[in-house]
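Student: Sharing a structure here in structure tokens format.
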2 protein chains.
Amino acid sequence: MKIEAVDFFYLAMPEVTIEADGSQDALLVRVVAGEHVGWGECEASPLVSIAAFVCPMSHGVCRPVGASVLGQTLDEPADIERIAAKVEYDSMDLLQAPHTFSGVEMALWDLLGKVRSAPVWRLLGYERSHRKLPYASQLFGDTPAQTLTRARAAREERYRAVKFGWGPIGRVSVQADADHFAAAREGLGPEGILLVDVGQIWASDVEAAAARLPALEAAGVVWLEEPFETGALDAYGALAARSDKIKIAGGEAAHNFHMAQHLIDYGNVGYIQIDCGRIGGIGPAKRVADYAAERDVTFVNHTFTSHLALSASLQPYAGFATHEICEYPFSPKPVALAFTANHLERDANGYIAAPDAPGLGIEISPAGVRRYLVDVEIKVRDKRLFASSTL
Amino acid sequence: MKIEAVDFFYLAMPEVTIEADGSQDALLVRVVAGEHVGWGECEASPLVSIAAFVCPMSHGVCRPVGASVLGQTLDEPADIERIAAKVEYDSMDLLQAPHTFSGVEMALWDLLGKVRSAPVWRLLGYERSHRKLPYASQLFGDTPAQTLTRARAAREERYRAVKFGWGPIGRVSVQADADHFAAAREGLGPEGILLVDVGQIWASDVEAAAARLPALEAAGVVWLEEPFETGALDAYGALAARSDKIKIAGGEAAHNFHMAQHLIDYGNVGYIQIDCGRIGGIGPAKRVADYAAERDVTFVNHTFTSHLALSASLQPYAGFATHEICEYPFSPKPVALAFTANHLERDANGYIAAPDAPGLGIEISPAGVRRYLVDVEIKVRDKRLFASSTL
């Protein structure tokens, strides 16, 4: 087959706010080859990722992503790897390229899975898709009382694991943070798995982060996520050495395999969190999963958006039984739920799994896409390089 | 002062080819504050960098670069650092942001220097601008004979240092590469400084790179540049340990301080090459220069485009007398020369220096800008987010 067309659908809530909620918009990607169609999703900033697909070439290693994808042969998984290598080299100087290609790459896997009537995890070499325990990913409340209420609500909705993130942590005091951690534990109950995400709040300040370790330990927190900027590897490594009980988690910003590798090798993270919508898709995420498993580091997906992105993000570690925990969008914005026709619902025991269905196993809802579609037009030298299509 | 306006001018040759020549287009940035104007330049992919400035927000830490710049106070260098930190945090999930901000940041320094009638290097704390020895940066020929001719031509134009890059190196055989290195040395003469850039051709294959070390040593090459992908730190470190004579150079792709730091700490590069149009501007480049100097690593600019970018790229290490070598665009495309009214010409001894003039010391040529200006229009939801301005 030849890749004949790649179309982008920029979807967004009518109003996007400054909350740290990545489900407020989405960039859906459709790839067409022969009689087949595959779907993927880029994370984040739809307009910029579209521009990186259609932009004029700057020079030989700053070509638009589209130049490495359109017209290529797609018959087997090795073709996806070849196209990915071409994008990486020919778009070396185009910084946005990995985000753009991530959604395209997912769609290539989805399409190939449909052609072969096989789930993507099987194309990756796994024999089965092991169940994963979803954690409800939500934001800390403005007050400990709000955090308590949110933790209780998650527990009432049968979540056995909860991650609280961002909010006021690191912005007030060590004690204020401790009160939030304790409230989260109280609301979740003594058995629940409690995770904390602080969104790079301490940049590279190891002491500021270390000051929170006693309270995190007291609350029985399993991991502390993104205490620092992704590149502050020394700080990651130094903090990891400060506690036997709290593991450090990170990696969502990795936009290539190497960035994840560095967090494992030099940052000593215990959990490596990969967003398939950023790292270049499912292939490099699988490479990270293999690398992590060999080093007793646990792979976890990073997914805050749709169930298409969720299915894609489960594929790379579907076959690892002991890497059990997974991020699950707890209360995404309506747009993220509307554009897929089916969703990965939790079973009676609270688990989900990468679907045993062709490709990614997620159907698109044309009505949902139309409802949230944002019109985009990009013209260069009076030539229209992009105009939104409809479904 | 308040930052009132930021305008982008996308300039390009009428035809852009696949040669690895980054001077085929440019993204010129103008910042206006009070009665003052500053100029900078982003590298590369103008359309995508424009989109990252004007795009709609995706969420709280995926805001357009413009949201962190427009309306901000600019009175002193600390304001530039504050704005940079705001961009870094609020555009954390917008991958293209550092490339976009790089040109804006240069323009902020240029503007502040003009307000204070001081060169940027003085604002950075340097007492003088030390001379730098430009190397002529050019591509290997298709044949050793062509490489020989090019080396002779550079020598005839009084260049005492030449860098050859890309071309057929790594694509034919170890012997073919050796012939090119020898031809370059022959053309340059025994005294000339010879540098080799292979543009990541070996990805992370240490043995392929090491196989070229004897020929590089025989040709008296000072540095081997970018043997691997920027992230392949282990490979960089392993190759650095394989030769006492050949130092490894790299870093042009660094889009933040940490990436350069990793190449120094983990990759053991001997030369760290920073493009101010990518790393986030002059401030983070200065931070790299300081970090490198403390570790006996030599800072070098990476500049393949205009003399505006060249002046900006010299500022971060202008005060370091012993970091003497600098990249100099040897035969840029006409667009890169046309849009500045003055140029950094070599003196009688073949040296250049960051200008002793307010700001970056480079004047813009409105006629040159108009001649190469590319019309761009970006519309989202029928709202025009960007339309090219003229000068």
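Following the order of the structure tokens, chains are lettered A, B, ..., residues in each are numbered from 1, and ligands are numbered from 1.
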Give me the residues near Ile272 of chain B as a count of residues only, where near means some atom within 9 Å (using only C-alpha atoms) and where sequence neighbours in that chain fewer than 2 positions away do not count.
Tutor: 19
Student: Would you return as a PyMOL selection string the members of segment 227-387 of chain B that DSSP assigns to strand (DSSP E) on this structure's backbone?
Tutor: chain B and resi 247-250+271-274+298-301+325-329+376-380+383-387
Student: What does the distance from atom CA of Val198 of chain B to atom CA of Lys245 of chain B come to in Å, to one decimal?
Tutor: 17.5 Å
Student: Find the residues around Ala353 of chain A up to 9 Å (only C-alpha atoms counted), leave out those fewer than 5 positions away in its own chain, and share them as a ChimeraX atom specification.
Tutor: /A:129-133,311,314,318,344,346
Student: Please determine the contact residues of chain B with respect to chain A at a cut-off of 7 Å, counting only C-alpha atoms, and supply them as a PyMOL selection string.
Tutor: chain B and resi 16-22+24-25+44-45+47-48+51-52+55+57-62+93-96+231-232+258-259+374-381
Student: Within 10 Å of Leu308 of chain A, counting only C-alpha atoms, which residues qualify if same-chain residues fewer than 3 places away don't, as a VMD selection string?
Tutor: chain A and resid 28 39 to 41 106 303 305 311 to 313 336 to 337 339 to 344 360 to 364
Student: Please dump the current selection as an mmCIF file, in the first residue's frame; keep N, CA and C atoms.
Tutor:
```cif
data_model
loop_
_atom_site.group_PDB
_atom_site.id
_atom_site.type_symbol
_atom_site.label_atom_id
_atom_site.label_comp_id
_atom_site.auth_asym_id
_atom_site.auth_seq_id
_atom_site.Cartn_x
_atom_site.Cartn_y
_atom_site.Cartn_z
ATOM 1 N N LEU A 28 -6.606 15.219 16.080
ATOM 2 C CA LEU A 28 -6.901 13.888 15.563
ATOM 3 C C LEU A 28 -6.282 13.762 14.169
ATOM 4 N N TRP A 39 -6.274 5.828 12.608
ATOM 5 C CA TRP A 39 -6.452 7.058 13.396
ATOM 6 C C TRP A 39 -5.393 7.174 14.483
ATOM 7 N N GLY A 40 -4.966 8.415 14.732
ATOM 8 C CA GLY A 40 -4.027 8.691 15.812
ATOM 9 C C GLY A 40 -4.292 10.065 16.399
ATOM 10 N N GLU A 41 -3.515 10.429 17.402
ATOM 11 C CA GLU A 41 -3.747 11.724 18.065
ATOM 12 C C GLU A 41 -2.423 12.323 18.516
ATOM 13 N N MET A 106 0.880 6.599 15.312
ATOM 14 C CA MET A 106 -0.233 5.815 15.887
ATOM 15 C C MET A 106 -1.201 5.368 14.804
ATOM 16 N N THR A 303 -1.347 9.727 29.846
ATOM 17 C CA THR A 303 -2.519 9.999 29.000
ATOM 18 C C THR A 303 -3.516 10.856 29.758
ATOM 19 N N THR A 305 -5.930 12.639 27.821
ATOM 20 C CA THR A 305 -6.843 13.134 26.788
ATOM 21 C C THR A 305 -7.915 12.099 26.432
ATOM 22 N N SER A 311 -5.739 4.061 24.321
ATOM 23 C CA SER A 311 -5.456 2.753 23.729
ATOM 24 C C SER A 311 -4.037 2.723 23.161
ATOM 25 N N ALA A 312 -3.667 3.783 22.441
ATOM 26 C CA ALA A 312 -2.313 3.837 21.870
ATOM 27 C C ALA A 312 -1.258 3.733 22.965
ATOM 28 N N SER A 313 -1.515 4.397 24.085
ATOM 29 C CA SER A 313 -0.504 4.478 25.146
ATOM 30 C C SER A 313 -0.378 3.171 25.927
ATOM 31 N N ALA A 336 -12.901 15.392 24.594
ATOM 32 C CA ALA A 336 -12.033 14.204 24.588
ATOM 33 C C ALA A 336 -12.852 12.919 24.569
ATOM 34 N N LEU A 337 -14.034 12.952 25.148
ATOM 35 C CA LEU A 337 -14.896 11.768 25.137
ATOM 36 C C LEU A 337 -15.739 11.691 23.871
ATOM 37 N N PHE A 339 -15.208 12.439 20.634
ATOM 38 C CA PHE A 339 -14.784 12.110 19.264
ATOM 39 C C PHE A 339 -14.455 10.634 19.060
ATOM 40 N N THR A 340 -14.555 9.819 20.128
ATOM 41 C CA THR A 340 -14.486 8.372 19.893
ATOM 42 C C THR A 340 -15.861 7.773 20.196
ATOM 43 N N ALA A 341 -16.222 6.749 19.418
ATOM 44 C CA ALA A 341 -17.535 6.123 19.569
ATOM 45 C C ALA A 341 -17.542 5.101 20.705
ATOM 46 N N ASN A 342 -16.383 4.532 21.009
ATOM 47 C CA ASN A 342 -16.290 3.602 22.141
ATOM 48 C C ASN A 342 -15.194 4.049 23.107
ATOM 49 N N HIS A 343 -15.217 3.468 24.303
ATOM 50 C CA HIS A 343 -14.293 3.872 25.359
ATOM 51 C C HIS A 343 -13.798 2.644 26.105
ATOM 52 N N LEU A 344 -12.644 2.773 26.729
ATOM 53 C CA LEU A 344 -12.074 1.647 27.486
ATOM 54 C C LEU A 344 -12.614 1.682 28.909
ATOM 55 N N LEU A 360 -6.051 -0.196 16.948
ATOM 56 C CA LEU A 360 -6.150 0.328 18.315
ATOM 57 C C LEU A 360 -7.501 0.012 18.942
ATOM 58 N N GLY A 361 -8.429 -0.502 18.139
ATOM 59 C CA GLY A 361 -9.722 -0.913 18.691
ATOM 60 C C GLY A 361 -10.632 0.233 19.094
ATOM 61 N N ILE A 362 -10.388 1.388 18.540
ATOM 62 C CA ILE A 362 -11.206 2.561 18.880
ATOM 63 C C ILE A 362 -11.845 3.105 17.608
ATOM 64 N N GLU A 363 -13.161 3.285 17.671
ATOM 65 C CA GLU A 363 -13.887 3.861 16.530
ATOM 66 C C GLU A 363 -14.026 5.369 16.726
ATOM 67 N N ILE A 364 -13.976 6.087 15.621
ATOM 68 C CA ILE A 364 -14.156 7.542 15.668
ATOM 69 C C ILE A 364 -15.630 7.881 15.493
#
```
Student: I'd like to know which of B:Ala210, B:Ala338, B:Val196, B:Val32 is closest to Arg370 of chain B, using only C-alpha atoms.
Tutor: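 Comparing B:Ala210, B:Ala338, B:Val196, B:Val32 against Arg370 of chain B, the winner is B:Ala338.
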Student: For atom CA of Glu294 of chain B and atom CA of Val87 of chain B, determine how far apart the two atoms are, in Å to one decimal place.
Tutor: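 Between atom CA of Glu294 of chain B and atom CA of Val87 of chain B the gap is 27.8 Å.
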Student: Running DSSP on the backbone, which parts of segment 247-345 of chain B land in helix (DSSP H, G or I), as an MDAnalysis selection string?
Tutor: chainID B and resid 257:265 282:293 307:317 334:338
Student: For N, CA, C and O atoms, I'd like the residues from the last selection saved as a CSV table (one decimal), in the first residue's frame.
Tutor:
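As a result, again_21.csv now contains:
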```csv
chain,number,residue,atom,x,y,z
B,257,PHE,N,19.4,24.8,28.1
B,257,PHE,CA,20.7,24.6,28.8
B,257,PHE,C,21.0,23.2,29.1
B,257,PHE,O,22.2,22.8,28.9
B,258,HIS,N,20.0,22.5,29.6
B,258,HIS,CA,20.3,21.1,30.0
B,258,HIS,C,20.9,20.2,29.0
B,258,HIS,O,21.7,19.4,29.2
B,259,MET,N,20.4,20.3,27.7
B,259,MET,CA,20.9,19.5,26.7
B,259,MET,C,22.4,19.7,26.4
B,259,MET,O,23.1,18.7,26.2
B,260,ALA,N,22.8,20.9,26.5
B,260,ALA,CA,24.2,21.2,26.4
B,260,ALA,C,25.0,20.7,27.6
B,260,ALA,O,26.1,20.1,27.4
B,261,GLN,N,24.4,20.8,28.7
B,261,GLN,CA,25.0,20.3,30.0
B,261,GLN,C,25.3,18.8,29.9
B,261,GLN,O,26.3,18.3,30.2
B,262,HIS,N,24.3,18.1,29.3
B,262,HIS,CA,24.4,16.6,29.2
B,262,HIS,C,25.5,16.2,28.3
B,262,HIS,O,26.2,15.3,28.5
B,263,LEU,N,25.6,17.0,27.2
B,263,LEU,CA,26.7,16.7,26.2
B,263,LEU,C,28.1,16.9,26.9
B,263,LEU,O,29.0,16.1,26.6
B,264,ILE,N,28.2,17.9,27.8
B,264,ILE,CA,29.4,18.1,28.5
B,264,ILE,C,29.6,17.0,29.6
B,264,ILE,O,30.7,16.4,29.7
B,265,ASP,N,28.6,16.8,30.4
B,265,ASP,CA,28.8,15.9,31.6
B,265,ASP,C,28.8,14.5,31.2
B,265,ASP,O,29.6,13.7,31.8
B,282,ILE,N,20.3,34.3,23.8
B,282,ILE,CA,21.7,34.7,24.3
B,282,ILE,C,21.9,34.3,25.8
B,282,ILE,O,22.9,33.8,26.2
B,283,GLY,N,20.8,34.4,26.6
B,283,GLY,CA,20.9,34.1,28.0
B,283,GLY,C,21.3,32.7,28.3
B,283,GLY,O,22.3,32.4,29.0
B,284,PRO,N,20.6,31.7,27.8
B,284,PRO,CA,21.0,30.3,28.1
B,284,PRO,C,22.3,30.0,27.4
B,284,PRO,O,23.0,29.1,28.0
B,285,ALA,N,22.6,30.6,26.3
B,285,ALA,CA,23.9,30.3,25.7
B,285,ALA,C,25.1,30.8,26.6
B,285,ALA,O,26.1,30.2,26.7
B,286,LYS,N,24.9,32.0,27.2
B,286,LYS,CA,25.9,32.5,28.2
B,286,LYS,C,26.0,31.5,29.3
B,286,LYS,O,27.1,31.3,29.8
B,287,ARG,N,24.9,31.0,29.8
B,287,ARG,CA,25.0,30.0,30.9
B,287,ARG,C,25.8,28.8,30.5
B,287,ARG,O,26.6,28.2,31.3
B,288,VAL,N,25.6,28.3,29.2
B,288,VAL,CA,26.4,27.2,28.7
B,288,VAL,C,27.9,27.6,28.7
B,288,VAL,O,28.8,26.8,29.0
B,289,ALA,N,28.2,28.8,28.2
B,289,ALA,CA,29.6,29.3,28.1
B,289,ALA,C,30.3,29.2,29.4
B,289,ALA,O,31.4,28.8,29.6
B,290,ASP,N,29.6,29.7,30.4
B,290,ASP,CA,30.1,29.7,31.8
B,290,ASP,C,30.4,28.3,32.3
B,290,ASP,O,31.4,28.0,32.9
B,291,TYR,N,29.4,27.5,32.0
B,291,TYR,CA,29.5,26.1,32.5
B,291,TYR,C,30.6,25.3,31.8
B,291,TYR,O,31.4,24.6,32.4
B,292,ALA,N,30.8,25.6,30.5
B,292,ALA,CA,31.8,25.0,29.7
B,292,ALA,C,33.2,25.4,30.2
B,292,ALA,O,34.1,24.6,30.4
B,293,ALA,N,33.3,26.7,30.4
B,293,ALA,CA,34.6,27.3,30.8
B,293,ALA,C,35.1,26.7,32.1
B,293,ALA,O,36.3,26.5,32.2
B,307,HIS,N,24.4,37.7,9.5
B,307,HIS,CA,25.3,38.3,10.4
B,307,HIS,C,24.6,38.9,11.6
B,307,HIS,O,25.2,39.2,12.6
B,308,LEU,N,23.2,39.0,11.6
B,308,LEU,CA,22.5,39.3,12.8
B,308,LEU,C,22.6,38.1,13.7
B,308,LEU,O,22.9,38.2,14.9
B,309,ALA,N,22.4,36.9,13.2
B,309,ALA,CA,22.5,35.7,14.0
B,309,ALA,C,24.0,35.5,14.4
B,309,ALA,O,24.3,35.0,15.6
B,310,LEU,N,24.9,35.9,13.6
B,310,LEU,CA,26.3,35.8,13.9
B,310,LEU,C,26.7,36.7,15.1
B,310,LEU,O,27.3,36.2,16.0
B,311,SER,N,26.3,37.9,15.0
B,311,SER,CA,26.6,38.8,16.1
B,311,SER,C,26.0,38.3,17.4
B,311,SER,O,26.6,38.2,18.5
B,312,ALA,N,24.7,37.8,17.4
B,312,ALA,CA,24.0,37.3,18.6
B,312,ALA,C,24.8,36.1,19.1
B,312,ALA,O,25.0,36.0,20.3
B,313,SER,N,25.3,35.3,18.2
B,313,SER,CA,26.0,34.0,18.6
B,313,SER,C,27.4,34.3,19.2
B,313,SER,O,27.9,33.4,19.9
B,314,LEU,N,28.0,35.4,18.9
B,314,LEU,CA,29.3,35.8,19.5
B,314,LEU,C,29.2,36.3,20.9
B,314,LEU,O,30.1,36.3,21.7
B,315,GLN,N,28.0,37.0,21.2
B,315,GLN,CA,27.9,37.7,22.5
B,315,GLN,C,28.2,36.8,23.7
B,315,GLN,O,28.8,37.2,24.6
B,316,PRO,N,27.6,35.5,23.7
B,316,PRO,CA,27.7,34.7,25.0
B,316,PRO,C,29.1,34.4,25.4
B,316,PRO,O,29.4,34.1,26.6
B,317,TYR,N,30.1,34.4,24.4
B,317,TYR,CA,31.4,34.1,24.8
B,317,TYR,C,32.4,35.1,24.4
B,317,TYR,O,33.6,34.9,24.3
B,334,PRO,N,22.0,34.5,-0.9
B,334,PRO,CA,21.8,35.9,-0.9
B,334,PRO,C,20.9,36.5,0.1
B,334,PRO,O,21.1,37.5,0.7
B,335,VAL,N,19.8,35.7,0.4
B,335,VAL,CA,18.8,36.2,1.4
B,335,VAL,C,19.5,36.5,2.7
B,335,VAL,O,19.2,37.5,3.4
B,336,ALA,N,20.4,35.7,3.2
B,336,ALA,CA,21.1,35.8,4.5
B,336,ALA,C,21.9,37.1,4.6
B,336,ALA,O,22.1,37.7,5.6
B,337,LEU,N,22.5,37.5,3.4
B,337,LEU,CA,23.4,38.7,3.4
B,337,LEU,C,22.5,39.9,3.2
B,337,LEU,O,22.9,41.0,3.6
B,338,ALA,N,21.4,39.7,2.5
B,338,ALA,CA,20.6,40.9,2.0
B,338,ALA,C,19.9,41.7,3.1
B,338,ALA,O,19.7,42.9,3.1
```
Student: Which residues are near Ala215 of chain A? Cut-off 12 Å, only C-alpha atoms, ignore same chain within fewer than 3 positions. Put them as a ChimeraX atom specification.
Tutor: /A:174-185,196,209-212,218-221,224,243,245-246
Student: Here is a test: counting only C-alpha atoms, which residue of A:Glu35, A:Pro329, A:Arg158, A:Pro227 is nearest to Gly170 of chain A?
Tutor: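 The shortest atom-to-atom distance to Gly170 of chain A comes from A:Pro227.
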Student: As a list in words, please: the residues near Val162 of chain B (cut-off 9 Å, only C-alpha atoms, same-chain neighbours under 4 positions excluded).
Tutor: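 Returned residues: Pro134, Tyr135, Ala136, Ser137, Gln138, Ala151, Ala154, Arg155, Ala184, Leu188, Gly192, Ile193, Leu194, Leu195 and Val196 of chain B.
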